[in-house]
>>> print(open('final39.pdb').read())   # PDB, C-alpha atoms and all ligand atoms
ATOM      1  CA  MET Z  48     -96.940-154.048  93.346  1.00  0.00           C
ATOM      2  CA  LYS Z  49     -93.292-154.978  93.575  1.00  0.00           C
ATOM      3  CA  ILE Z  50     -91.211-154.310  90.479  1.00  0.00           C
ATOM      4  CA  ARG Z  51     -89.233-157.326  89.332  1.00  0.00           C
ATOM      5  CA  LYS Z  52     -86.327-156.815  86.983  1.00  0.00           C
ATOM      6  CA  THR Z  53     -85.307-159.777  84.863  1.00  0.00           C
ATOM      7  CA  ALA Z  54     -81.743-158.875  83.847  1.00  0.00           C
ATOM      8  CA  VAL Z  55     -78.902-156.465  84.550  1.00  0.00           C
ATOM      9  CA  HIS Z  56     -77.388-154.638  81.588  1.00  0.00           C
ATOM     10  CA  PRO Z  57     -74.053-152.759  81.231  1.00  0.00           C
ATOM     11  CA  PRO Z  58     -73.635-149.532  83.253  1.00  0.00           C
ATOM     12  CA  ALA Z  59     -75.457-146.531  81.799  1.00  0.00           C
ATOM     13  CA  CYS Z  60     -77.352-148.757  79.344  1.00  0.00           C
ATOM     14  CA  GLY Z  61     -80.234-146.842  77.831  1.00  0.00           C
ATOM     15  CA  CYS Z  62     -81.926-149.527  75.779  1.00  0.00           C
ATOM     16  CA  ASN Z  63     -85.715-149.758  75.577  1.00  0.00           C
ATOM     17  CA  ASN Z  64     -85.743-152.796  77.876  1.00  0.00           C
ATOM     18  CA  CYS Z  65     -84.037-150.789  80.640  1.00  0.00           C
ATOM     19  CA  HIS Z  66     -86.914-148.291  80.597  1.00  0.00           C
ATOM     20  CA  ARG Z  67     -89.569-150.920  81.361  1.00  0.00           C
ATOM     21  CA  ASP Z  68     -90.527-151.734  84.968  1.00  0.00           C
ATOM     22  CA  ASP Z  69     -90.445-155.455  84.228  1.00  0.00           C
ATOM     23  CA  GLY Z  70     -87.360-155.204  82.021  1.00  0.00           C
ATOM     24  CA  SER Z  71     -83.686-154.853  82.747  1.00  0.00           C
ATOM     25  CA  LEU Z  72     -81.583-152.490  84.841  1.00  0.00           C
ATOM     26  CA  PRO Z  73     -78.207-150.848  84.149  1.00  0.00           C
ATOM     27  CA  LEU Z  74     -75.494-152.189  86.478  1.00  0.00           C
ATOM     28  CA  ASP Z  75     -74.719-148.732  87.901  1.00  0.00           C
ATOM     29  CA  GLN Z  76     -78.310-148.526  89.157  1.00  0.00           C
ATOM     30  CA  ALA Z  77     -78.376-152.018  90.670  1.00  0.00           C
ATOM     31  CA  ASP Z  78     -78.671-152.310  94.458  1.00  0.00           C
ATOM     32  CA  ALA Z  79     -77.412-155.141  96.648  1.00  0.00           C
ATOM     33  CA  PRO Z  80     -80.652-157.186  96.579  1.00  0.00           C
ATOM     34  CA  THR Z  81     -80.631-157.034  92.773  1.00  0.00           C
ATOM     35  CA  VAL Z  82     -76.994-158.144  92.571  1.00  0.00           C
ATOM     36  CA  ALA Z  83     -77.757-160.946  95.035  1.00  0.00           C
ATOM     37  CA  ARG Z  84     -80.521-162.187  92.746  1.00  0.00           C
ATOM     38  CA  MET Z  85     -77.976-162.331  89.915  1.00  0.00           C
ATOM     39  CA  ILE Z  86     -75.885-164.712  92.037  1.00  0.00           C
ATOM     40  CA  CYS Z  87     -78.937-166.833  92.778  1.00  0.00           C
ATOM     41  CA  GLY Z  88     -79.755-166.951  89.093  1.00  0.00           C
ATOM     42  CA  THR Z  89     -83.165-165.299  89.270  1.00  0.00           C
ATOM     43  CA  ILE Z  90     -81.834-162.246  87.391  1.00  0.00           C
ATOM     44  CA  ARG Z  91     -79.537-162.742  84.399  1.00  0.00           C
ATOM     45  CA  ASN Z  92     -76.089-161.160  84.226  1.00  0.00           C
ATOM     46  CA  LEU Z  93     -76.206-159.405  80.859  1.00  0.00           C
ATOM     47  CA  THR Z  94     -73.693-156.756  81.911  1.00  0.00           C
ATOM     48  CA  GLY Z  95     -71.186-158.009  79.360  1.00  0.00           C
ATOM     49  CA  ARG Z  96     -68.599-158.523  82.041  1.00  0.00           C
ATOM     50  CA  ASP Z  97     -67.548-160.994  84.693  1.00  0.00           C
ATOM     51  CA  LEU Z  98     -68.260-159.847  88.230  1.00  0.00           C
ATOM     52  CA  GLN Z  99     -65.921-160.826  91.041  1.00  0.00           C
ATOM     53  CA  VAL Z 100     -67.523-162.563  94.027  1.00  0.00           C
ATOM     54  CA  VAL Z 101     -65.452-162.362  97.213  1.00  0.00           C
ATOM     55  CA  VAL Z 102     -66.425-164.686 100.056  1.00  0.00           C
ATOM     56  CA  THR Z 103     -64.956-164.427 103.533  1.00  0.00           C
ATOM     57  CA  ALA Z 104     -65.739-167.628 105.385  1.00  0.00           C
ATOM     58  CA  THR Z 105     -64.906-169.325 108.650  1.00  0.00           C
ATOM     59  CA  LEU Z 106     -63.957-172.962 109.052  1.00  0.00           C
ATOM     60  CA  GLY Z 107     -65.298-173.988 112.441  1.00  0.00           C
ATOM     61  CA  ARG Z 108     -62.643-175.454 114.733  1.00  0.00           C
ATOM     62  CA  ALA Z 109     -64.824-178.191 116.163  1.00  0.00           C
ATOM     63  CA  SER Z 110     -67.597-178.749 113.682  1.00  0.00           C
ATOM     64  CA  GLY Z 111     -65.563-178.418 110.496  1.00  0.00           C
ATOM     65  CA  ASP Z 112     -68.440-176.447 109.039  1.00  0.00           C
ATOM     66  CA  VAL Z 113     -67.641-173.632 106.652  1.00  0.00           C
ATOM     67  CA  THR Z 114     -69.803-170.581 107.238  1.00  0.00           C
ATOM     68  CA  ALA Z 115     -69.795-167.540 104.994  1.00  0.00           C
ATOM     69  CA  ASP Z 116     -69.312-164.357 107.017  1.00  0.00           C
ATOM     70  CA  ARG Z 117     -69.332-161.820 104.232  1.00  0.00           C
ATOM     71  CA  ILE Z 118     -70.052-161.977 100.516  1.00  0.00           C
ATOM     72  CA  GLU Z 119     -69.176-159.064  98.264  1.00  0.00           C
ATOM     73  CA  VAL Z 120     -69.599-158.586  94.549  1.00  0.00           C
ATOM     74  CA  ARG Z 121     -67.083-156.321  92.846  1.00  0.00           C
ATOM     75  CA  ASP Z 122     -66.960-154.597  89.504  1.00  0.00           C
ATOM     76  CA  GLY Z 123     -63.905-152.366  89.345  1.00  0.00           C
ATOM     77  CA  ASP Z 124     -64.226-149.794  92.134  1.00  0.00           C
ATOM     78  CA  ARG Z 125     -67.874-150.647  92.828  1.00  0.00           C
ATOM     79  CA  THR Z 126     -68.689-153.087  95.599  1.00  0.00           C
ATOM     80  CA  TRP Z 127     -72.021-154.543  96.676  1.00  0.00           C
ATOM     81  CA  ASP Z 128     -72.272-156.264 100.048  1.00  0.00           C
ATOM     82  CA  VAL Z 129     -74.825-158.986  99.401  1.00  0.00           C
ATOM     83  CA  THR Z 130     -74.274-160.840 102.690  1.00  0.00           C
ATOM     84  CA  ASP Z 131     -77.720-160.040 104.063  1.00  0.00           C
ATOM     85  CA  HIS Z 132     -79.431-160.866 100.792  1.00  0.00           C
ATOM     86  CA  LEU Z 133     -78.173-164.400 100.288  1.00  0.00           C
ATOM     87  CA  ASP Z 134     -79.804-166.351 103.110  1.00  0.00           C
ATOM     88  CA  SER Z 135     -79.444-169.725 101.452  1.00  0.00           C
ATOM     89  CA  ALA Z 136     -75.792-169.130 100.560  1.00  0.00           C
ATOM     90  CA  LEU Z 137     -74.678-168.149 104.049  1.00  0.00           C
ATOM     91  CA  SER Z 138     -74.291-171.744 105.103  1.00  0.00           C
ATOM     92  CA  PHE Z 139     -72.897-174.305 102.738  1.00  0.00           C
ATOM     93  CA  ASP Z 140     -71.359-177.749 102.835  1.00  0.00           C
ATOM     94  CA  PRO Z 141     -67.656-177.980 102.060  1.00  0.00           C
ATOM     95  CA  PRO Z 142     -66.941-180.000  98.898  1.00  0.00           C
ATOM     96  CA  PHE Z 143     -65.233-182.861 100.742  1.00  0.00           C
TER      97      PHE Z 143
HETATM   98 ZN    ZN K 201     -80.409-152.003  78.715  1.00  0.00          ZN
END
>>> encode(input="final39.pdb", output="structure tokens")
Amino acid sequence: MKIRKTAVHPPACGCNNCHRDDGSLPLDQADAPTVARMICGTIRNLTGRDLQVVVTATLGRASGDVTADRIEVRDGDRTWDVTDHLDSALSFDPPF
């Protein structure tokens, strides 16, 4: 059975919820798929901090389409490359 966390808590959090398989997870133990699910909204960001999302994208010369090449989430010195875990976000319509 796959374990599904529901929220990410601050780094090194040791609350009771972080000890349950179906509970939360401290940010320092979160992997890229987990962080990607925070962006998608299926896991709540209860880390108590704002996480920086850095998108490197290409504007196509002919099509005008904007395609995300790389998406990283940063928290201080820690970086998660969530590019391969955000299938639906890798192609998006420009807002104009
Ligand atoms: Zn916790």
>>> resolve_selection(input="final39.pdb", expression="the PyMOL selection byres (((chain Z and resi 96-113) around 9) and not hetatm)", output="JSON, numbers by chain")
{"Z": [57, 86, 92, 93, 94, 95, 114, 115, 116, 117, 118, 119, 120, 121, 122, 123, 138, 139, 140, 141]}
>>> closest_atom_pairs(input="final39.pdb", of="chain Z", to="ligand ZN 201 (chain K)", cutoff="12 Å", atoms="all atoms listed in the file", output="Markdown table")
| residue | atom | partner | partner_atom | distance |
| --- | --- | --- | --- | --- |
| Z:Lys52 | CA | K:ZN201 | ZN | 11.2 |
| Z:Thr53 | CA | K:ZN201 | ZN | 11.1 |
| Z:Ala54 | CA | K:ZN201 | ZN | 8.7 |
| Z:Val55 | CA | K:ZN201 | ZN | 7.5 |
| Z:His56 | CA | K:ZN201 | ZN | 4.9 |
| Z:Pro57 | CA | K:ZN201 | ZN | 6.9 |
| Z:Pro58 | CA | K:ZN201 | ZN | 8.5 |
| Z:Ala59 | CA | K:ZN201 | ZN | 8.0 |
| Z:Cys60 | CA | K:ZN201 | ZN | 4.5 |
| Z:Gly61 | CA | K:ZN201 | ZN | 5.2 |
| Z:Cys62 | CA | K:ZN201 | ZN | 4.1 |
| Z:Asn63 | CA | K:ZN201 | ZN | 6.6 |
| Z:Asn64 | CA | K:ZN201 | ZN | 5.5 |
| Z:Cys65 | CA | K:ZN201 | ZN | 4.3 |
| Z:His66 | CA | K:ZN201 | ZN | 7.7 |
| Z:Arg67 | CA | K:ZN201 | ZN | 9.6 |
| Z:Asp68 | CA | K:ZN201 | ZN | 11.9 |
| Z:Asp69 | CA | K:ZN201 | ZN | 12.0 |
| Z:Gly70 | CA | K:ZN201 | ZN | 8.3 |
| Z:Ser71 | CA | K:ZN201 | ZN | 5.9 |
| Z:Leu72 | CA | K:ZN201 | ZN | 6.3 |
| Z:Pro73 | CA | K:ZN201 | ZN | 6.0 |
| Z:Leu74 | CA | K:ZN201 | ZN | 9.2 |
| Z:Asp75 | CA | K:ZN201 | ZN | 11.3 |
| Z:Gln76 | CA | K:ZN201 | ZN | 11.2 |
| Z:Asn92 | CA | K:ZN201 | ZN | 11.5 |
| Z:Leu93 | CA | K:ZN201 | ZN | 8.8 |
| Z:Thr94 | CA | K:ZN201 | ZN | 8.8 |
| Z:Gly95 | CA | K:ZN201 | ZN | 11.0 |
>>> resolve_selection(input="final39.pdb", expression="the PyMOL selection byres (((chain Z and resi 79) around 10) and not hetatm)", output="number ranges by chain")
Z: 77-78, 80-85, 119-120, 126-133
>>> decode(input="final39.pdb", residues="region 72-86 of chain Z", atoms="N, CA and C atoms", output="tab-separated table (two decimals), in the first residue's frame")
chain	number	residue	atom	x	y	z
Z	72	LEU	N	4.64	15.36	7.12
Z	72	LEU	CA	6.05	15.03	6.93
Z	72	LEU	C	6.87	16.30	7.16
Z	73	PRO	N	7.96	16.22	7.92
Z	73	PRO	CA	8.82	17.40	8.08
Z	73	PRO	C	9.46	17.77	6.73
Z	74	LEU	N	9.61	19.06	6.47
Z	74	LEU	CA	10.12	19.52	5.18
Z	74	LEU	C	11.50	18.94	4.86
Z	75	ASP	N	12.35	18.76	5.86
Z	75	ASP	CA	13.70	18.24	5.59
Z	75	ASP	C	13.68	16.78	5.17
Z	76	GLN	N	12.54	16.10	5.33
Z	76	GLN	CA	12.43	14.72	4.88
Z	76	GLN	C	11.64	14.59	3.59
Z	77	ALA	N	11.17	15.71	3.06
Z	77	ALA	CA	10.33	15.67	1.86
Z	77	ALA	C	11.19	15.44	0.62
Z	78	ASP	N	10.71	14.57	-0.28
Z	78	ASP	CA	11.40	14.34	-1.54
Z	78	ASP	C	10.72	15.15	-2.65
Z	79	ALA	N	11.28	15.10	-3.83
Z	79	ALA	CA	10.76	15.92	-4.94
Z	79	ALA	C	9.30	15.61	-5.27
Z	80	PRO	N	8.89	14.34	-5.34
Z	80	PRO	CA	7.47	14.07	-5.63
Z	80	PRO	C	6.54	14.68	-4.58
Z	81	THR	N	6.97	14.67	-3.31
Z	81	THR	CA	6.14	15.25	-2.26
Z	81	THR	C	6.03	16.76	-2.43
Z	82	VAL	N	7.16	17.41	-2.72
Z	82	VAL	CA	7.15	18.86	-2.91
Z	82	VAL	C	6.30	19.22	-4.14
Z	83	ALA	N	6.37	18.38	-5.17
Z	83	ALA	CA	5.56	18.63	-6.37
Z	83	ALA	C	4.08	18.57	-6.02
Z	84	ARG	N	3.70	17.66	-5.16
Z	84	ARG	CA	2.29	17.55	-4.78
Z	84	ARG	C	1.84	18.76	-3.96
Z	85	MET	N	2.79	19.42	-3.28
Z	85	MET	CA	2.44	20.67	-2.59
Z	85	MET	C	2.09	21.74	-3.62
Z	86	ILE	N	2.84	21.79	-4.73
Z	86	ILE	CA	2.55	22.78	-5.77
Z	86	ILE	C	1.20	22.51	-6.40
